[in-house]
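Participant: Input structure: coords.cif, which contains mmCIF, C-alpha atoms.
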```
data_upload
#
loop_
_atom_site.group_PDB
_atom_site.id
_atom_site.type_symbol
_atom_site.label_atom_id
_atom_site.label_comp_id
_atom_site.auth_asym_id
_atom_site.auth_seq_id
_atom_site.Cartn_x
_atom_site.Cartn_y
_atom_site.Cartn_z
ATOM 1 C CA MET T 960 -18.784 -9.708 6.281
ATOM 2 C CA ASP T 961 -16.290 -8.493 8.898
ATOM 3 C CA GLY T 962 -15.550 -4.818 9.435
ATOM 4 C CA GLN T 963 -12.252 -5.014 7.598
ATOM 5 C CA SER T 964 -13.927 -6.361 4.441
ATOM 6 C CA SER T 965 -16.611 -3.677 4.361
ATOM 7 C CA GLY T 966 -15.709 -1.012 1.833
ATOM 8 C CA LEU T 967 -12.787 -2.851 0.201
ATOM 9 C CA VAL T 968 -12.204 -1.650 -3.363
ATOM 10 C CA LEU T 969 -8.735 -3.206 -3.741
ATOM 11 C CA CYS T 970 -7.495 -6.213 -1.791
ATOM 12 C CA GLU T 971 -4.206 -7.724 -2.936
ATOM 13 C CA LYS T 972 -4.330 -11.517 -2.854
ATOM 14 C CA PRO T 973 -1.475 -12.826 -0.679
ATOM 15 C CA TYR T 974 0.402 -15.625 -2.448
ATOM 16 C CA THR T 975 2.224 -18.234 -0.354
ATOM 17 C CA GLY T 976 3.969 -21.500 -1.065
ATOM 18 C CA SER T 977 5.268 -22.523 -4.485
ATOM 19 C CA VAL T 978 3.004 -20.305 -6.618
ATOM 20 C CA THR T 979 5.079 -17.296 -7.733
ATOM 21 C CA PRO T 980 2.865 -14.312 -8.621
ATOM 22 C CA THR T 981 3.342 -12.408 -11.896
ATOM 23 C CA LYS T 982 0.792 -9.652 -11.285
ATOM 24 C CA LEU T 983 -1.226 -8.100 -8.469
ATOM 25 C CA THR T 984 -4.442 -10.078 -8.155
ATOM 26 C CA ASP T 985 -7.321 -8.160 -6.572
ATOM 27 C CA ARG T 986 -9.641 -10.327 -4.515
ATOM 28 C CA SER T 987 -12.164 -7.544 -3.828
ATOM 29 C CA ARG T 988 -15.465 -7.855 -5.646
ATOM 30 C CA PHE T 989 -14.250 -5.252 -8.184
ATOM 31 C CA GLY T 990 -11.402 -7.300 -9.739
ATOM 32 C CA ASN T 991 -8.934 -4.392 -9.980
ATOM 33 C CA ASP T 992 -5.905 -6.494 -10.948
ATOM 34 C CA GLY T 993 -2.570 -4.738 -11.444
ATOM 35 C CA VAL T 994 -0.008 -5.102 -14.247
ATOM 36 C CA TRP T 995 3.641 -5.428 -13.212
ATOM 37 C CA THR T 996 6.388 -3.402 -14.888
ATOM 38 C CA ALA T 997 9.963 -4.322 -13.864
ATOM 39 C CA ILE T 998 8.675 -5.966 -10.663
ATOM 40 C CA THR T 999 10.179 -9.155 -9.282
ATOM 41 C CA ALA T 1000 8.688 -11.455 -6.665
ATOM 42 C CA LYS T 1001 10.551 -12.351 -3.475
ATOM 43 C CA GLN T 1002 9.469 -14.949 -0.929
ATOM 44 C CA LEU T 1003 9.723 -14.131 2.776
ATOM 45 C CA PRO T 1004 10.572 -16.758 5.447
ATOM 46 C CA SER T 1005 6.821 -16.949 6.237
ATOM 47 C CA GLY T 1006 6.186 -18.174 2.674
ATOM 48 C CA LEU T 1007 4.511 -14.908 1.604
ATOM 49 C CA TRP T 1008 5.495 -13.526 -1.794
ATOM 50 C CA VAL T 1009 6.050 -9.746 -1.974
ATOM 51 C CA SER T 1010 6.708 -7.341 -4.858
ATOM 52 C CA THR T 1011 10.219 -5.909 -5.259
ATOM 53 C CA TYR T 1012 10.673 -2.476 -6.854
ATOM 54 C CA ASN T 1013 14.045 -1.446 -8.358
ATOM 55 C CA GLY T 1014 13.741 2.296 -7.598
ATOM 56 C CA THR T 1015 14.030 3.377 -11.244
ATOM 57 C CA THR T 1016 11.344 1.748 -13.425
ATOM 58 C CA SER T 1017 9.260 -0.621 -11.274
ATOM 59 C CA LYS T 1018 5.543 -0.035 -10.802
ATOM 60 C CA ILE T 1019 2.202 -1.792 -10.656
ATOM 61 C CA ALA T 1020 -0.462 -0.142 -12.822
ATOM 62 C CA ILE T 1021 -4.003 -0.767 -11.602
ATOM 63 C CA GLY T 1022 -5.854 2.091 -13.305
ATOM 64 C CA ASN T 1023 -9.322 3.396 -12.512
ATOM 65 C CA ILE T 1024 -10.749 1.442 -9.587
ATOM 66 C CA GLY T 1025 -14.154 3.042 -10.132
ATOM 67 C CA GLN T 1026 -14.583 3.975 -6.479
ATOM 68 C CA ASN T 1027 -13.823 6.782 -4.068
ATOM 69 C CA ILE T 1028 -10.920 6.307 -1.652
ATOM 70 C CA GLN T 1029 -10.748 7.080 2.083
ATOM 71 C CA THR T 1030 -8.148 4.562 3.367
ATOM 72 C CA VAL T 1031 -4.979 3.048 1.926
ATOM 73 C CA CYS T 1032 -3.046 0.334 3.821
ATOM 74 C CA ALA T 1033 0.070 -1.618 2.836
ATOM 75 C CA TRP T 1034 3.255 -3.190 4.096
ATOM 76 C CA ILE T 1035 6.449 -1.575 2.785
ATOM 77 C CA TYR T 1036 10.143 -2.391 3.178
ATOM 78 C CA PRO T 1037 12.066 0.611 1.803
ATOM 79 C CA ASP T 1038 15.670 0.226 0.671
ATOM 80 C CA ASP T 1039 15.846 4.035 0.338
ATOM 81 C CA ILE T 1040 13.938 6.574 2.450
ATOM 82 C CA THR T 1041 14.833 9.694 0.517
ATOM 83 C CA THR T 1042 11.986 11.343 -1.370
ATOM 84 C CA ARG T 1043 10.177 8.361 -2.892
ATOM 85 C CA SER T 1044 6.657 7.791 -4.188
ATOM 86 C CA ILE T 1045 4.735 4.897 -2.672
ATOM 87 C CA VAL T 1046 1.398 5.136 -4.503
ATOM 88 C CA ASP T 1047 -0.325 7.509 -6.917
ATOM 89 C CA LEU T 1048 -4.109 7.318 -6.656
ATOM 90 C CA ASP T 1049 -5.370 9.576 -9.430
ATOM 91 C CA GLY T 1050 -2.678 10.636 -11.865
ATOM 92 C CA GLY T 1051 -0.783 13.010 -9.567
ATOM 93 C CA THR T 1052 -3.308 14.863 -7.382
ATOM 94 C CA HIS T 1053 -3.547 12.378 -4.472
ATOM 95 C CA SER T 1054 -0.558 10.275 -3.493
ATOM 96 C CA ILE T 1055 1.415 8.789 -0.603
ATOM 97 C CA GLU T 1056 5.161 9.211 -0.490
ATOM 98 C CA MET T 1057 8.207 9.429 1.748
ATOM 99 C CA ASP T 1058 9.791 12.815 2.202
ATOM 100 C CA GLY T 1059 13.560 13.367 2.327
ATOM 101 C CA SER T 1060 13.538 12.731 6.101
ATOM 102 C CA GLY T 1061 12.030 9.240 5.854
ATOM 103 C CA ASP T 1062 8.555 10.316 6.963
ATOM 104 C CA ILE T 1063 5.343 9.299 5.231
ATOM 105 C CA THR T 1064 3.313 12.121 3.645
ATOM 106 C CA ALA T 1065 0.025 12.299 1.744
ATOM 107 C CA THR T 1066 -0.243 14.851 -1.041
ATOM 108 C CA GLY T 1067 -3.739 16.126 -1.853
ATOM 109 C CA TRP T 1068 -5.505 14.365 1.050
ATOM 110 C CA THR T 1069 -7.817 16.483 3.227
ATOM 111 C CA SER T 1070 -6.745 16.266 6.900
ATOM 112 C CA PRO T 1071 -5.137 12.814 6.612
ATOM 113 C CA THR T 1072 -4.552 10.586 9.631
ATOM 114 C CA PHE T 1073 -1.314 8.609 9.422
ATOM 115 C CA TYR T 1074 -0.486 5.274 11.017
ATOM 116 C CA THR T 1075 2.825 3.441 11.054
ATOM 117 C CA ASP T 1076 2.688 -0.038 12.589
ATOM 118 C CA ALA T 1077 -0.862 0.847 13.736
ATOM 119 C CA VAL T 1078 0.323 3.816 15.837
ATOM 120 C CA ALA T 1079 -1.775 6.914 15.077
ATOM 121 C CA ALA T 1080 0.118 10.070 14.076
ATOM 122 C CA ALA T 1081 3.335 8.068 13.589
ATOM 123 C CA VAL T 1082 4.958 9.006 10.291
ATOM 124 C CA ALA T 1083 8.590 7.807 10.581
ATOM 125 C CA ILE T 1084 9.450 4.927 8.246
ATOM 126 C CA THR T 1085 12.177 2.418 9.136
ATOM 127 C CA LEU T 1086 14.824 1.855 6.467
ATOM 128 C CA SER T 1087 15.408 -1.812 5.565
ATOM 129 C CA GLY T 1088 12.583 -3.009 7.799
ATOM 130 C CA TRP T 1089 8.916 -3.871 7.363
ATOM 131 C CA ASN T 1090 6.521 -1.005 8.073
ATOM 132 C CA PHE T 1091 2.728 -1.269 8.082
ATOM 133 C CA ILE T 1092 1.399 2.056 6.794
ATOM 134 C CA ALA T 1093 -2.148 3.375 6.668
ATOM 135 C CA VAL T 1094 -3.565 6.751 5.694
ATOM 136 C CA THR T 1095 -7.213 7.719 6.199
ATOM 137 C CA THR T 1096 -9.358 10.762 5.454
ATOM 138 C CA ALA T 1097 -12.965 11.739 6.083
ATOM 139 C CA THR T 1098 -13.069 13.351 2.613
ATOM 140 C CA PRO T 1099 -13.338 10.798 -0.211
ATOM 141 C CA PHE T 1100 -11.645 11.257 -3.582
ATOM 142 C CA ALA T 1101 -11.802 9.285 -6.836
ATOM 143 C CA GLY T 1102 -9.282 6.495 -7.400
ATOM 144 C CA SER T 1103 -9.138 7.265 -11.102
ATOM 145 C CA SER T 1104 -5.585 6.119 -11.924
ATOM 146 C CA VAL T 1105 -3.964 3.956 -9.235
ATOM 147 C CA THR T 1106 -0.271 3.125 -9.634
ATOM 148 C CA LEU T 1107 1.809 1.462 -6.925
ATOM 149 C CA GLY T 1108 5.460 2.497 -6.703
ATOM 150 C CA ASP T 1109 5.448 5.489 -9.060
ATOM 151 C CA GLU T 1110 4.272 9.083 -9.160
ATOM 152 C CA ALA T 1111 6.939 11.827 -9.120
ATOM 153 C CA SER T 1112 9.646 9.251 -8.289
ATOM 154 C CA PHE T 1113 9.920 5.475 -7.995
ATOM 155 C CA PHE T 1114 9.699 3.375 -4.835
ATOM 156 C CA ASP T 1115 12.817 1.370 -3.966
ATOM 157 C CA GLY T 1116 12.174 -1.754 -1.869
ATOM 158 C CA ASP T 1117 9.424 -4.301 -1.297
ATOM 159 C CA SER T 1118 5.681 -4.105 -0.679
ATOM 160 C CA GLY T 1119 2.853 -6.472 0.080
ATOM 161 C CA ILE T 1120 -0.829 -6.886 0.948
ATOM 162 C CA TRP T 1121 -2.224 -3.620 -0.415
ATOM 163 C CA LYS T 1122 -5.777 -2.743 0.631
ATOM 164 C CA ILE T 1123 -7.781 0.309 -0.406
ATOM 165 C CA TYR T 1124 -11.162 1.186 1.113
ATOM 166 C CA ASN T 1125 -13.996 3.531 0.171
ATOM 167 C CA ARG T 1126 -14.455 4.381 3.855
ATOM 168 C CA ALA T 1127 -12.191 5.625 6.657
ATOM 169 C CA LEU T 1128 -11.025 2.730 8.836
ATOM 170 C CA SER T 1129 -11.012 3.322 12.576
ATOM 171 C CA ALA T 1130 -7.852 3.100 14.669
ATOM 172 C CA GLY T 1131 -9.150 -0.192 16.078
ATOM 173 C CA GLU T 1132 -9.649 -1.680 12.612
ATOM 174 C CA ILE T 1133 -6.143 -0.625 11.579
ATOM 175 C CA LEU T 1134 -4.683 -2.204 14.724
ATOM 176 C CA GLN T 1135 -6.638 -5.408 14.064
ATOM 177 C CA ARG T 1136 -5.321 -5.603 10.494
ATOM 178 C CA PHE T 1137 -1.740 -4.967 11.671
ATOM 179 C CA ASN T 1138 -2.021 -7.741 14.270
ATOM 180 C CA GLN T 1139 -3.553 -10.195 11.763
ATOM 181 C CA GLU T 1140 -0.773 -9.737 9.192
ATOM 182 C CA ARG T 1141 2.398 -8.898 11.123
ATOM 183 C CA HIS T 1142 3.524 -12.534 11.489
ATOM 184 C CA LEU T 1143 3.778 -12.789 7.683
ATOM 185 C CA PHE T 1144 6.387 -9.991 7.716
ATOM 186 C CA GLY T 1145 8.337 -11.133 10.780
ATOM 187 C CA VAL T 1146 7.151 -8.145 12.843
#
```
What does the file become when written as structure tokens?
Facilitator:
Amino acid sequence: MDGQSSGLVLCEKPYTGSVTPTKLTDRSRFGNDGVWTAITAKQLPSGLWVSTYNGTTSKIAIGNIGQNIQTVCAWIYPDDITTRSIVDLDGGTHSIEMDGSGDITATGWTSPTFYTDAVAAAVAITLSGWNFIAVTTATPFAGSSVTLGDEASFFDGDSGIWKIYNRALSAGEILQRFNQERHLFGV
């Protein structure tokens, strides 16, 4: 098992080609599939299918993943960078969102480390462009009610290849993941 697979508690299956997804399929050993509400699928030039959120009702409900969380990684393409929720991890106590300035924030996390496009401490999100985001913490918390795209507000844009870990990924592991996936997003 490679370092990036160790500790995976949610690993969104990337769909390519002619198979259009209708839900988030988790390929971790835990099978934490997600149910789509008002989500549509869009295919990128690379062939990868991503989830599109309408900014008002779209979300992916995953529920209790039965594990503690220390790292969340995903690709996002925001159509709006005002205050928007990206993911709720436990019913409102721990979440990742964009503030009104277009920066990524993490509510409830203890001393989080932020990465945008694998750059540590980078928090600025690009509007209408693909951003690889990662947040880590040394202090685990329970992923008791995971919902992508909704918490205090709804995400507006696209997302793809969500991964959640029960350990804190290193900067090197985050860079490796970014480099392995960036071609799929045209970055």
Participant: Measuring between only C-alpha atoms, which one of T:Ser1129, T:Thr1106, T:Gln1026, T:Thr1064 shows the shortest distance to Arg1043 of chain T?
Facilitator: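 Going through T:Ser1129, T:Thr1106, T:Gln1026, T:Thr1064 one by one, the smallest distance to Arg1043 of chain T is for T:Thr1064.
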Participant: Quick one: residues within 7 Å of segment 1007-1016 of chain T, only C-alpha atoms, excluding same-chain residues fewer than 2 positions away - as a list of chain:residue names?
Facilitator: T:Pro973, T:Tyr974, T:Thr975, T:Ala997, T:Ile998, T:Thr999, T:Ala1000, T:Lys1001, T:Gln1002, T:Leu1003, T:Ser1005, T:Lys1018, T:Phe1113, T:Phe1114, T:Asp1115, T:Gly1116, T:Asp1117, T:Ser1118, T:Gly1119, T:Leu1143
Participant: Which residues, written as an MDAnalysis selection string, have at least one atom at most 10 Å from Ile1084 of chain T, with all atoms listed in the file counted and residues fewer than 3 positions away on the same chain left out?
Facilitator: chainID T and resid 1035:1037 1040 1057:1058 1060:1063 1075:1076 1081 1087:1092
Participant: With all atoms listed in the file as the basis for distance, which of T:Val968, T:Val978, T:Ala1097, T:Leu1107 is at the shortest distance from Asn1125 of chain T?
Facilitator: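 Among the listed residues, T:Val968 lies closest to Asn1125 of chain T.
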Participant: Under the rule that all atoms listed in the file are counted, which of T:Leu1086, T:Arg1141, T:Asp1049, T:Val1105 is the nearest residue to Asp992 of chain T?
Facilitator: T:Val1105
Participant: Determine the nearest neighbour of Tyr1124 of chain T from the options T:Phe1073, T:Phe1100, T:Trp1034, T:Trp995, counting all atoms listed in the file.
Facilitator: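 Checking each candidate against Tyr1124 of chain T, we get T:Phe1100 as the closest.
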Participant: Show me, as a VMD selection string, the residues that have an atom within 10 Å of Val1094 of chain T when counting all atoms listed in the file, minus same-chain residues fewer than 6 positions from it.
Facilitator: chain T and resid 1029 to 1033 1055 1063 to 1065 1068 1071 to 1075 1079 to 1080 1082 1123 1127 to 1128 1133
Participant: Which residue is closest to Gly1102 of chain T? Choose from T:Thr1069, T:Ser965, T:Thr996, T:Ser1054 and count only C-alpha atoms.
Facilitator: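 Smallest separation from Gly1102 of chain T among the options: T:Ser1054.
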Participant: If the PyMOL selection byres ((chain T and resi 987) around 10) were run on this exact file, what residues would it hold? Put them as a ChimeraX atom specification.
Facilitator: /T:964,966-972,984-986,988-992,1122-1123
Participant: Considering all atoms listed in the file, state which residue in the set T:Ala1101, T:Ile1024, T:Val1078, T:Ala1111 is at the smallest distance from Leu1134 of chain T.
Facilitator: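 Smallest distance to Leu1134 of chain T is found for T:Val1078.
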Participant: Separation of atom CA of Ile1028 of chain T and atom CA of Ser1103 of chain T, in Å?
Facilitator: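 Result for atom CA of Ile1028 of chain T versus atom CA of Ser1103 of chain T: 9.7 Å, one decimal.
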Participant: Grab the atom CA of Asp1038 of chain T to atom CA of Gly1059 of chain T distance for me, in Å with one decimal place.
Facilitator: 13.4 Å
Participant: To test the calculation: enclose all listed atoms of segment 1012-1019 of chain T in a box whose edges run along x, y and z, add 5 Å on each side, then state centre and edge lengths in Å to one decimal, as AutoDock Vina command-line options.
Facilitator:
```
--center_x 8.1 --center_y 0.5 --center_z -10.1 --size_x 21.8 --size_y 15.9 --size_z 16.6
```
Participant: Return as a list in words the set of residues that the PyMOL selection byres ((chain T and resi 1067) around 6) yields on the displayed structure.
Facilitator: Thr1052, His1053, Thr1066 and Trp1068 of chain T
Participant: Quick one: pull the distance between atom CA of Gly993 of chain T and atom CA of Asp1039 of chain T, Å, one decimal.
Facilitator: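 Atom CA of Gly993 of chain T sits 23.6 Å away from atom CA of Asp1039 of chain T.
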